[in-house]
$ cat entry-v1.tsv   # TSV, C-alpha atoms
chain	number	residue	atom	x	y	z
M	593	MET	CA	0.00	0.00	0.00
M	594	ALA	CA	1.07	3.59	-0.56
M	595	ARG	CA	1.90	5.79	2.36
M	596	LEU	CA	2.47	9.45	3.03
M	597	VAL	CA	6.06	9.99	4.11
M	598	LEU	CA	6.52	13.75	4.22
M	599	GLY	CA	4.68	17.05	4.09
M	600	LEU	CA	6.30	20.21	2.77
M	601	ALA	CA	5.23	23.80	2.30
M	602	ALA	CA	6.96	26.64	0.49
M	603	SER	CA	6.14	29.92	-1.15
M	604	HIS	CA	6.03	30.09	-4.93
M	605	ALA	CA	6.55	33.80	-5.63
M	606	PRO	CA	7.57	34.28	-9.27
M	607	GLY	CA	9.89	37.14	-8.33
M	608	ILE	CA	12.19	34.65	-6.60
M	609	THR	CA	13.32	33.51	-10.04
M	610	ALA	CA	12.08	36.23	-12.41
M	611	ARG	CA	13.36	39.26	-10.52
M	612	VAL	CA	16.21	37.78	-8.51
M	613	GLU	CA	18.18	41.01	-8.35
M	614	GLU	CA	15.36	42.89	-6.59
M	615	GLU	CA	16.64	41.74	-3.22
M	616	PRO	CA	20.14	42.13	-1.81
M	617	PRO	CA	22.52	39.16	-2.04
M	618	GLU	CA	22.07	38.14	1.60
M	619	VAL	CA	18.29	37.88	1.18
M	620	ARG	CA	18.62	35.93	-2.07
M	621	THR	CA	21.04	33.56	-0.43
M	622	ARG	CA	18.73	33.02	2.52
M	623	VAL	CA	15.75	32.34	0.25
M	624	TYR	CA	17.69	29.88	-1.92
M	625	GLN	CA	19.20	28.14	1.11
M	626	ASN	CA	15.73	27.50	2.44
M	627	TYR	CA	14.70	25.82	-0.79
M	628	ASP	CA	17.95	23.84	-0.80
M	629	LYS	CA	17.34	22.65	2.73
M	630	LEU	CA	13.80	21.63	1.88
M	631	ARG	CA	15.08	19.83	-1.20
M	632	GLY	CA	17.45	17.85	1.01
M	633	ILE	CA	14.61	16.89	3.33
M	634	LEU	CA	12.55	15.77	0.35
M	635	GLU	CA	15.40	13.67	-1.04
M	636	GLU	CA	15.96	12.04	2.35
M	637	ALA	CA	12.33	10.93	2.31
M	638	ARG	CA	12.91	9.10	-1.03
M	639	PRO	CA	9.46	9.75	-2.47
M	640	ASP	CA	8.13	7.83	-5.45
M	641	VAL	CA	5.48	10.46	-6.09
M	642	LEU	CA	5.08	14.11	-5.18
M	643	LEU	CA	1.52	15.32	-4.64
M	644	VAL	CA	1.55	19.07	-5.30
M	645	VAL	CA	-1.19	21.32	-3.92
M	646	ALA	CA	-1.02	24.70	-5.63
M	647	ASN	CA	-3.43	27.33	-6.85
M	648	ASP	CA	-4.22	28.75	-10.24
M	649	HIS	CA	-3.78	32.46	-11.01
M	650	VAL	CA	-6.93	33.15	-13.08
M	651	THR	CA	-5.18	31.61	-16.05
M	652	TYR	CA	-6.04	27.93	-16.40
M	653	MET	CA	-9.16	28.05	-14.26
M	654	PHE	CA	-10.74	30.96	-16.12
M	655	ASP	CA	-13.72	30.09	-18.32
M	656	ILE	CA	-14.80	27.69	-15.63
M	657	ILE	CA	-13.54	28.11	-12.07
M	658	PRO	CA	-13.68	25.03	-9.88
M	659	GLN	CA	-12.74	25.23	-6.20
M	660	PHE	CA	-10.51	22.15	-6.49
M	661	LEU	CA	-9.21	20.36	-9.56
M	662	VAL	CA	-7.22	17.16	-10.08
M	663	VAL	CA	-5.10	16.91	-13.21
M	664	ILE	CA	-5.59	13.64	-15.06
M	665	ALA	CA	-2.83	13.69	-17.64
M	666	ASP	CA	0.26	11.66	-18.44
M	667	GLU	CA	2.71	14.48	-18.86
M	668	TYR	CA	3.15	18.21	-18.92
M	669	GLU	CA	5.69	20.65	-20.26
M	670	GLY	CA	5.96	24.17	-18.89
M	671	PRO	CA	5.33	26.62	-17.37
M	672	PRO	CA	4.17	28.71	-20.35
M	673	ASP	CA	6.08	31.80	-19.19
M	674	TYR	CA	9.29	29.95	-18.35
M	675	GLU	CA	11.45	32.53	-20.12
M	676	TRP	CA	10.06	35.37	-18.00
M	677	LEU	CA	10.43	33.20	-14.90
M	678	ARG	CA	14.01	32.43	-15.92
M	679	ILE	CA	13.65	28.73	-15.29
M	680	PRO	CA	13.88	25.82	-17.76
M	681	LYS	CA	10.81	24.61	-19.59
M	682	TYR	CA	10.43	21.39	-17.66
M	683	LYS	CA	9.02	18.05	-18.69
M	684	VAL	CA	6.87	16.62	-15.90
M	685	LYS	CA	5.46	13.12	-15.66
M	686	LEU	CA	2.21	12.75	-13.79
M	687	HIS	CA	1.16	9.65	-11.86
M	688	VAL	CA	-2.19	9.08	-13.52
M	689	GLY	CA	-3.02	5.99	-11.51
M	690	LEU	CA	-2.79	7.76	-8.18
M	691	ALA	CA	-4.45	10.89	-9.61
M	692	ASN	CA	-7.44	8.87	-10.80
M	693	HIS	CA	-7.64	7.07	-7.48
M	694	ILE	CA	-7.65	10.40	-5.64
M	695	LEU	CA	-10.20	11.95	-8.00
M	696	ASN	CA	-12.60	9.01	-7.74
M	697	GLY	CA	-12.16	8.74	-4.01
M	698	LEU	CA	-12.76	12.43	-3.40
M	699	VAL	CA	-15.94	12.39	-5.48
M	700	GLU	CA	-17.16	9.29	-3.65
M	701	ARG	CA	-16.60	11.09	-0.35
M	702	GLY	CA	-18.65	14.09	-1.44
M	703	PHE	CA	-15.92	16.44	-2.66
M	704	ASP	CA	-17.16	17.73	-5.99
M	705	VAL	CA	-13.73	18.22	-7.47
M	706	ALA	CA	-13.21	19.00	-11.14
M	707	PHE	CA	-10.68	17.28	-13.34
M	708	SER	CA	-8.88	18.03	-16.58
M	709	ALA	CA	-6.66	16.20	-19.03
M	710	ASN	CA	-5.28	19.42	-20.50
M	711	PRO	CA	-3.32	21.03	-17.69
M	712	LEU	CA	-1.71	24.43	-17.51
M	713	LEU	CA	0.61	24.43	-14.53
M	714	ASP	CA	1.98	27.88	-13.82
M	715	HIS	CA	4.67	29.15	-11.47
M	716	ALA	CA	2.64	28.03	-8.46
M	717	THR	CA	3.46	24.44	-9.32
M	718	MET	CA	6.58	24.84	-11.39
M	719	ASN	CA	8.68	27.27	-9.37
M	720	PRO	CA	8.75	25.08	-6.25
M	721	LEU	CA	9.40	22.02	-8.42
M	722	HIS	CA	12.29	23.92	-10.01
M	723	PHE	CA	13.86	24.38	-6.59
M	724	LEU	CA	12.88	21.14	-4.89
M	725	ALA	CA	12.63	18.42	-7.50
M	726	SER	CA	14.31	19.35	-10.76
M	727	ASP	CA	17.16	18.05	-12.82
M	728	ARG	CA	17.93	21.42	-14.35
M	729	GLU	CA	20.44	20.14	-16.91
M	730	LYS	CA	18.03	17.59	-18.30
M	731	GLY	CA	15.03	19.90	-17.92
M	732	VAL	CA	12.96	17.31	-16.10
M	733	ILE	CA	11.20	17.00	-12.76
M	734	LYS	CA	12.68	14.01	-10.95
M	735	TYR	CA	9.50	12.62	-9.43
M	736	PRO	CA	6.16	11.85	-11.02
M	737	ILE	CA	3.62	14.24	-9.59
M	738	VAL	CA	-0.06	14.39	-8.84
M	739	SER	CA	-1.32	17.93	-9.35
M	740	LEU	CA	-4.18	19.26	-7.23
M	741	LEU	CA	-5.14	22.84	-8.00
M	742	THR	CA	-7.18	25.14	-5.79
M	743	ASN	CA	-9.06	28.38	-6.25
M	744	ALA	CA	-7.33	30.88	-3.98
M	745	PHE	CA	-8.06	34.03	-5.99
M	746	VAL	CA	-11.62	34.28	-7.29
M	747	LYS	CA	-14.53	34.74	-4.92
M	748	PRO	CA	-16.41	32.78	-3.70
M	749	LEU	CA	-13.46	30.96	-2.19
M	750	PRO	CA	-13.63	27.58	-0.49
M	751	PRO	CA	-13.44	27.85	3.31
M	752	LEU	CA	-10.18	26.72	4.91
M	753	ARG	CA	-12.19	24.11	6.81
M	754	ARG	CA	-13.17	22.53	3.50
M	755	GLY	CA	-9.57	22.53	2.40
M	756	TYR	CA	-8.52	20.86	5.63
M	757	GLN	CA	-11.22	18.20	5.24
M	758	LEU	CA	-10.04	17.57	1.71
M	759	GLY	CA	-6.51	17.15	3.03
M	760	LEU	CA	-7.68	14.57	5.57
M	761	ALA	CA	-9.38	12.69	2.73
M	762	LEU	CA	-6.22	12.87	0.63
M	763	LYS	CA	-4.22	11.10	3.31
M	764	ARG	CA	-6.74	8.27	3.56
M	765	LEU	CA	-6.92	7.92	-0.19
M	766	VAL	CA	-3.16	7.76	-0.54
M	767	GLU	CA	-3.09	5.03	2.11
M	768	GLU	CA	-5.78	3.07	0.28
M	769	TYR	CA	-3.85	3.09	-2.99
M	770	PRO	CA	-2.74	-0.51	-3.58
M	771	GLU	CA	0.69	0.19	-5.08
M	772	ASP	CA	3.69	0.32	-2.75
M	773	LEU	CA	4.50	4.03	-3.10
M	774	ARG	CA	6.17	6.58	-0.90
M	775	VAL	CA	4.24	9.80	-1.37
M	776	ALA	CA	5.34	13.28	-0.33
M	777	VAL	CA	2.85	16.12	-0.35
M	778	LEU	CA	3.84	19.70	-1.10
M	779	ALA	CA	1.87	22.89	-0.50
M	780	THR	CA	2.93	25.97	-2.42
M	781	GLY	CA	2.05	29.62	-2.07
M	782	GLY	CA	1.50	32.42	0.40
M	783	LEU	CA	1.89	33.96	2.68
M	784	SER	CA	0.57	37.54	2.58
M	785	HIS	CA	0.92	39.47	-0.67
M	786	ASP	CA	-1.13	41.65	-2.97
M	787	PRO	CA	0.03	40.96	-6.53
M	788	GLY	CA	-1.42	43.54	-8.87
M	789	GLY	CA	-3.45	45.06	-6.06
M	790	PRO	CA	-3.36	48.50	-4.43
M	791	ARG	CA	-0.90	47.30	-1.81
M	792	TRP	CA	1.41	45.43	-4.14
M	793	GLY	CA	4.68	45.09	-2.27
M	794	TYR	CA	3.06	45.18	1.16
M	795	VAL	CA	3.65	42.19	3.45
M	796	ASP	CA	1.53	41.71	6.56
M	797	GLU	CA	4.08	40.19	8.89
M	798	LYS	CA	1.64	40.07	11.80
M	799	PHE	CA	-0.80	37.92	9.81
M	800	ASP	CA	1.98	35.71	8.48
M	801	ARG	CA	3.65	35.13	11.81
M	802	ALA	CA	0.31	34.39	13.48
M	803	PHE	CA	-0.46	31.77	10.82
M	804	LEU	CA	2.98	30.19	11.14
M	805	ASP	CA	2.58	30.16	14.91
M	806	MET	CA	-0.70	28.25	14.56
M	807	LEU	CA	1.02	25.86	12.21
M	808	SER	CA	3.97	25.22	14.49
M	809	ARG	CA	1.71	24.75	17.53
M	810	GLY	CA	-0.63	22.46	15.64
M	811	ASP	CA	-3.52	24.80	16.44
M	812	VAL	CA	-5.77	23.69	13.60
M	813	GLU	CA	-8.95	25.26	14.95
M	814	ALA	CA	-7.42	28.71	15.19
M	815	ALA	CA	-6.30	28.51	11.57
M	816	LEU	CA	-9.60	27.17	10.31
M	817	ASN	CA	-11.33	30.18	11.83
M	818	ILE	CA	-9.47	32.46	9.41
M	819	ARG	CA	-12.11	33.54	6.93
M	820	PRO	CA	-11.31	34.32	3.29
M	821	GLU	CA	-12.04	38.01	3.94
M	822	ASP	CA	-9.56	38.02	6.83
M	823	ALA	CA	-6.78	36.79	4.58
M	824	LEU	CA	-7.81	39.01	1.65
M	825	ALA	CA	-7.70	42.05	3.93
M	826	THR	CA	-3.93	41.56	4.02
M	827	GLY	CA	-3.63	41.18	0.24
M	828	GLY	CA	-5.34	39.65	-2.77
M	829	GLY	CA	-2.93	36.69	-2.84
M	830	SER	CA	-2.87	35.84	0.84
M	831	TYR	CA	-5.54	33.17	0.62
M	832	GLU	CA	-2.93	30.89	-0.91
M	833	ILE	CA	-2.62	29.69	2.67
M	834	LEU	CA	-5.48	27.44	1.56
M	835	ASN	CA	-2.86	25.18	-0.06
M	836	TRP	CA	-0.94	24.97	3.19
M	837	VAL	CA	-4.12	24.05	5.05
M	838	VAL	CA	-4.95	21.26	2.57
M	839	VAL	CA	-1.52	19.75	3.20
M	840	TRP	CA	-1.93	20.33	6.93
M	841	GLY	CA	-5.05	18.18	6.71
M	842	ALA	CA	-3.09	15.52	4.84
M	843	VAL	CA	-0.66	15.36	7.77
M	844	GLU	CA	-3.61	15.30	10.18
M	845	GLY	CA	-2.89	18.63	11.80
M	846	ARG	CA	0.50	17.74	13.19
M	847	PRO	CA	2.62	20.69	14.32
M	848	ALA	CA	4.85	21.85	11.50
M	849	THR	CA	8.53	22.57	11.67
M	850	VAL	CA	8.67	26.12	10.35
M	851	MET	CA	12.14	26.60	8.92
M	852	ASP	CA	12.15	30.28	8.12
M	853	TYR	CA	10.12	33.33	7.26
M	854	VAL	CA	11.47	36.02	4.96
M	855	PRO	CA	9.44	39.03	3.89
M	856	ALA	CA	10.99	39.49	0.46
M	857	TYR	CA	10.08	39.63	-3.21
M	858	ASN	CA	6.81	41.40	-2.33
M	859	ILE	CA	5.56	38.46	-0.31
M	860	GLY	CA	5.87	36.88	3.10
M	861	SER	CA	7.83	33.78	2.10
M	862	ALA	CA	7.95	30.77	4.38
M	863	TRP	CA	9.20	27.20	4.37
M	864	ALA	CA	7.96	24.36	6.57
M	865	TYR	CA	7.81	20.58	6.72
M	866	TRP	CA	6.25	17.66	8.53
M	867	ARG	CA	8.26	14.45	8.91
M	868	LEU	CA	5.84	11.54	9.21
L	888	MET	CA	-20.85	46.67	-15.38
L	889	LYS	CA	-22.47	43.65	-16.96
L	890	ALA	CA	-20.94	40.28	-16.15
L	891	THR	CA	-20.41	39.62	-19.85
L	892	ASP	CA	-18.56	42.91	-20.34
L	893	LYS	CA	-16.29	42.09	-17.42
L	894	PHE	CA	-15.63	38.60	-18.75
L	895	ARG	CA	-14.71	39.87	-22.21
L	896	ILE	CA	-12.21	42.36	-20.84
L	897	GLU	CA	-10.73	39.72	-18.53
L	898	ALA	CA	-10.54	37.22	-21.40
L	899	LEU	CA	-8.40	39.65	-23.37
L	900	LEU	CA	-6.14	40.32	-20.39
L	901	ARG	CA	-5.79	36.60	-19.73
L	902	ASP	CA	-4.80	36.09	-23.36
L	903	PHE	CA	-2.19	38.83	-23.06
L	904	HIS	CA	-0.48	36.46	-20.66
L	905	LEU	CA	-0.79	33.33	-22.76
L	906	LYS	CA	-0.76	34.51	-26.37
L	907	PRO	CA	2.14	36.69	-27.50
L	908	ASP	CA	0.45	37.36	-30.85
L	909	VAL	CA	-2.52	38.96	-29.07
L	910	ARG	CA	-0.13	41.19	-27.13
L	911	GLU	CA	1.63	42.23	-30.31
L	912	ARG	CA	-1.56	42.87	-32.24
L	913	PHE	CA	-2.97	44.94	-29.38
L	914	GLN	CA	0.14	47.08	-29.30
L	915	LYS	CA	-0.24	47.80	-33.02
L	916	ASP	CA	-4.01	48.08	-33.32
L	917	PRO	CA	-5.82	47.91	-29.97
L	918	ASP	CA	-9.24	48.83	-31.33
L	919	SER	CA	-9.41	45.91	-33.72
L	920	VAL	CA	-8.33	43.45	-31.01
L	921	MET	CA	-10.91	44.78	-28.55
L	922	ARG	CA	-13.55	44.58	-31.27
L	923	GLU	CA	-12.52	40.98	-31.93
L	924	TYR	CA	-12.98	40.17	-28.22
L	925	GLY	CA	-16.42	41.79	-28.23
L	926	ILE	CA	-15.46	44.45	-25.70
L	927	ASP	CA	-17.95	47.32	-25.53
L	928	PRO	CA	-16.31	50.43	-27.10
L	929	GLN	CA	-17.22	52.48	-24.01
L	930	TYR	CA	-14.43	50.62	-22.17
L	931	TRP	CA	-11.76	50.81	-24.87
L	932	HIS	CA	-10.13	53.99	-23.59
L	933	LEU	CA	-9.74	52.48	-20.11
L	934	LEU	CA	-7.58	49.71	-21.50
L	935	LYS	CA	-5.63	51.83	-23.95
L	936	GLU	CA	-4.86	54.50	-21.36
L	937	GLY	CA	-4.10	52.07	-18.54
L	938	LYS	CA	-6.84	53.34	-16.22
L	939	LEU	CA	-5.97	50.76	-13.61
L	940	ARG	CA	-7.86	52.27	-10.69
L	941	THR	CA	-11.07	52.47	-12.71
L	942	LEU	CA	-10.76	48.95	-14.06
L	943	TYR	CA	-9.97	47.59	-10.59
L	944	SER	CA	-12.99	49.41	-9.16
L	945	MET	CA	-15.13	47.86	-11.87
L	946	GLY	CA	-14.11	44.42	-10.67
L	947	ILE	CA	-11.44	43.44	-13.18
L	948	HIS	CA	-9.25	40.96	-11.35
L	949	GLN	CA	-5.99	42.38	-10.05
L	950	LEU	CA	-3.93	39.50	-11.38
L	951	LEU	CA	-5.21	40.22	-14.89
L	952	LEU	CA	-4.59	43.97	-14.65
L	953	TYR	CA	-0.95	43.11	-14.24
L	954	HIS	CA	-0.95	41.59	-17.74
L	955	LEU	CA	-2.45	44.80	-19.17
L	956	ALA	CA	0.26	46.82	-17.46
L	957	HIS	CA	2.89	44.56	-18.98
L	958	VAL	CA	1.54	45.16	-22.48
L	959	LEU	CA	1.38	48.92	-21.91
L	960	GLY	CA	4.91	48.99	-20.49
L	961	ILE	CA	3.78	50.20	-17.06
L	962	LYS	CA	6.39	49.29	-14.45
L	963	ARG	CA	5.52	48.37	-10.88
L	964	ASP	CA	6.03	51.76	-9.23
L	965	GLU	CA	3.84	53.41	-11.84
L	966	TYR	CA	1.35	50.54	-11.54
L	967	VAL	CA	0.96	51.03	-7.79
L	968	LYS	CA	0.59	54.75	-8.30
L	969	ARG	CA	-2.13	54.30	-10.90
L	970	ILE	CA	-4.15	51.68	-9.04
L	971	ASN	CA	-4.31	54.01	-6.06
L	972	SER	CA	-4.96	57.25	-7.92
L	973	PRO	CA	-8.44	58.65	-8.70
L	974	ASP	CA	-6.83	60.08	-11.87
L	975	PHE	CA	-6.56	56.58	-13.26
$ encode --input "entry-v1.tsv" --output "structure tokens"
Amino acid sequence: MARLVLGLAASHAPGITARVEEEPPEVRTRVYQNYDKLRGILEEARPDVLLVVANDHVTYMFDIIPQFLVVIADEYEGPPDYEWLRIPKYKVKLHVGLANHILNGLVERGFDVAFSANPLLDHATMNPLHFLASDREKGVIKYPIVSLLTNAFVKPLPPLRRGYQLGLALKRLVEEYPEDLRVAVLATGGLSHDPGGPRWGYVDEKFDRAFLDMLSRGDVEAALNIRPEDALATGGGSYEILNWVVVWGAVEGRPATVMDYVPAYNIGSAWAYWRL
Amino acid sequence: MKATDKFRIEALLRDFHLKPDVRERFQKDPDSVMREYGIDPQYWHLLKEGKLRTLYSMGIHQLLLYHLAHVLGIKRDEYVKRINSPDF
């Protein structure tokens, strides 16, 4: 049977690769070291599959906007704006068997998730994979992935409680999958930021540190009481914490090890993990 | 603003991100591209002049406004100024 071996969470801000020089060398180094450390933790866990929980940016989920979407495809190549992001155009293999198992299981359990065979995975998925799971010379992502996309930007937004419940279901579904797989689950995004909004560049450190404190204490209820409007009051992109909460559900609300928090690149960037 | 009007404007801005040819055609002949996307002519000047505050107030998604700014060559400092200014 498959089992969940590790949870990870990391910001996915495009500026970290696209506008590297915006921050001084010591900040860049700190940001990159955090990704490197997380990459080491992921490699130690020897995953067979990486389940990535990321959000869309009103790009792929546009004509139709589901709250949650599972990608059912064999492979992907992207992101589309890789040149602007200054990362390779990666080839990604997807684990269709596990993705189908998760999709069917979620629907059976009452989660009305959408699915698509024609994915567009943007920087939210690809930037963290670039740092954590890439072979840059070959232009490939080392692990097959399962891609779960969320709606973190277009109201009405799914409550965090729903995301947490979905995460709990993900763990059970992974453990019911008959193949002997080691599965790591990665949340990307957040924390506070307002991309393209009136406070673009503003970071709400108080909000971010409070969320990370809840995470490190394992205080699930406090986090689930954050309403979408509370997060959006700090910036239009801050509800990407939804992805973190889904993964927190998948690790059953265990306290996270929060590695670092760096307000840089117009976002409150953070890195955390759960060893299982 | 009608939901359809908003959608048509947002569809163009989304395509700015994904379709370089749409970006290039808009830069050369914005009116014909906006006509092609079915955008009501009453809104054309808002896009051409980068009236970010007005468009944001009308409900155009902030992530999509960024793509418009990119096409118009509006850098971030100017962007933040415009989205906060009643003049825009």
$ closest_atom_pairs --input "entry-v1.tsv" --of "chain M" --to "chain L" --cutoff "9 Å" --atoms "only C-alpha atoms" --output "Markdown table"
| residue | atom | partner | partner_atom | distance |
| --- | --- | --- | --- | --- |
| M:His649 | CA | L:Leu950 | CA | 7.1 |
| M:Val650 | CA | L:Leu950 | CA | 7.2 |
| M:Thr651 | CA | L:Arg901 | CA | 6.2 |
| M:Phe654 | CA | L:Ala898 | CA | 8.2 |
| M:Asp655 | CA | L:Ala898 | CA | 8.4 |
| M:Pro672 | CA | L:Leu905 | CA | 7.2 |
| M:Asp673 | CA | L:Leu905 | CA | 7.9 |
| M:Phe745 | CA | L:Leu950 | CA | 8.7 |
| M:Val746 | CA | L:His948 | CA | 8.2 |
| M:Asp786 | CA | L:Gln949 | CA | 8.6 |
| M:Pro787 | CA | L:Leu950 | CA | 6.4 |
| M:Gly788 | CA | L:Gln949 | CA | 4.9 |
| M:Gly789 | CA | L:Gln949 | CA | 5.4 |
| M:Pro790 | CA | L:Ile970 | CA | 5.7 |
| M:Arg791 | CA | L:Val967 | CA | 7.3 |
| M:Trp792 | CA | L:Val967 | CA | 6.7 |
| M:Gly793 | CA | L:Val967 | CA | 8.9 |
| M:Gly828 | CA | L:Gln949 | CA | 7.8 |
$ write_last_selection --input "entry-v1.tsv" --atoms "C-alpha atoms" --output "compact mmCIF listing (two decimals), in the frame of the given file"
# COMPACT_ATOMS: atom_id res chain seq x y z
CA HIS M 649 -3.78 32.46 -11.01
CA VAL M 650 -6.93 33.15 -13.08
CA THR M 651 -5.18 31.61 -16.05
CA PHE M 654 -10.74 30.96 -16.12
CA ASP M 655 -13.72 30.09 -18.32
CA PRO M 672 4.17 28.71 -20.35
CA ASP M 673 6.08 31.80 -19.19
CA PHE M 745 -8.06 34.03 -5.99
CA VAL M 746 -11.62 34.28 -7.29
CA ASP M 786 -1.13 41.65 -2.97
CA PRO M 787 0.03 40.96 -6.53
CA GLY M 788 -1.42 43.54 -8.87
CA GLY M 789 -3.45 45.06 -6.06
CA PRO M 790 -3.36 48.50 -4.43
CA ARG M 791 -0.90 47.30 -1.81
CA TRP M 792 1.41 45.43 -4.14
CA GLY M 793 4.68 45.09 -2.27
CA GLY M 828 -5.34 39.65 -2.77
$ closest_residue --input "entry-v1.tsv" --among "M:Leu690, M:Val619, M:Ala856, M:Leu740" --to "M:Glu771" --atoms "all atoms listed in the file"
M:Leu690
$ residues_around --input "entry-v1.tsv" --residues "M:Val795" --least-positions-apart "2" --cutoff "8 Å" --atoms "only C-alpha atoms" --output "ChimeraX atom specification"
/M:784-785,793,797,826,855,858-860
$ atom_distance --input "entry-v1.tsv" --atom1 "atom CA of M:Ala825" --atom2 "atom CA of M:Asn743"
17.1 Å
$ residues_around --input "entry-v1.tsv" --residues "M:Arg620" --least-positions-apart "5" --cutoff "8 Å" --atoms "all atoms listed in the file" --output "ChimeraX atom specification"
/M:608,612,615
$ residues_around --input "entry-v1.tsv" --residues "M:Leu643" --least-positions-apart "3" --cutoff "6 Å" --atoms "only C-alpha atoms" --output "compact mmCIF listing (two decimals) with C-alpha atoms, in the frame of the given file"
# COMPACT_ATOMS: atom_id res chain seq x y z
CA ILE M 737 3.62 14.24 -9.59
CA VAL M 738 -0.06 14.39 -8.84
CA VAL M 777 2.85 16.12 -0.35
$ closest_residue --input "entry-v1.tsv" --among "M:Asp704, M:Glu635, M:Asp666, M:Glu614" --to "M:Pro736" --atoms "all atoms listed in the file"
M:Asp666
$ closest_residue --input "entry-v1.tsv" --among "M:Asp648, M:Asp714, M:Glu613, M:Asp800" --to "M:Pro671" --atoms "only C-alpha atoms"
M:Asp714
$ atom_distance --input "entry-v1.tsv" --atom1 "atom CA of M:Leu834" --atom2 "atom CA of L:Phe903"
27.3 Å
$ atom_distance --input "entry-v1.tsv" --atom1 "atom CA of M:Asn710" --atom2 "atom CA of M:Pro658"
14.7 Å
$ residues_around --input "entry-v1.tsv" --residues "L:Pro928" --least-positions-apart "6" --cutoff "10 Å" --atoms "only C-alpha atoms" --output "number ranges by chain"
L: 918, 921-922
$ residues_around --input "entry-v1.tsv" --residues "M:Ala776" --least-positions-apart "4" --cutoff "12 Å" --atoms "all atoms listed in the file" --output "ChimeraX atom specification"
/M:594-601,631,633-645,724-725,735-738,762-763,766,839,842-843,865-868
$ axis_aligned_box --input "entry-v1.tsv" --around "stretch 755-762 of chain M" --padding-each-side "4 Å" --output "JSON"
{"center_x": -8.7, "center_y": 17.6, "center_z": 3.1, "size_x": 13.0, "size_y": 17.8, "size_z": 13.0}
$ closest_residue --input "entry-v1.tsv" --among "M:Ala779, M:Leu752, M:Leu741, M:Ala862" --to "M:Asp822" --atoms "all atoms listed in the file"
M:Leu752
$ closest_residue --input "entry-v1.tsv" --among "M:Val732, M:Ala848, M:Ala815, M:Leu695" --to "M:Ile679" --atoms "only C-alpha atoms"
M:Val732
$ closest_residue --input "entry-v1.tsv" --among "L:Arg895, L:Lys889, L:Arg910, L:His957" --to "L:Gly937" --atoms "all atoms listed in the file"
L:His957
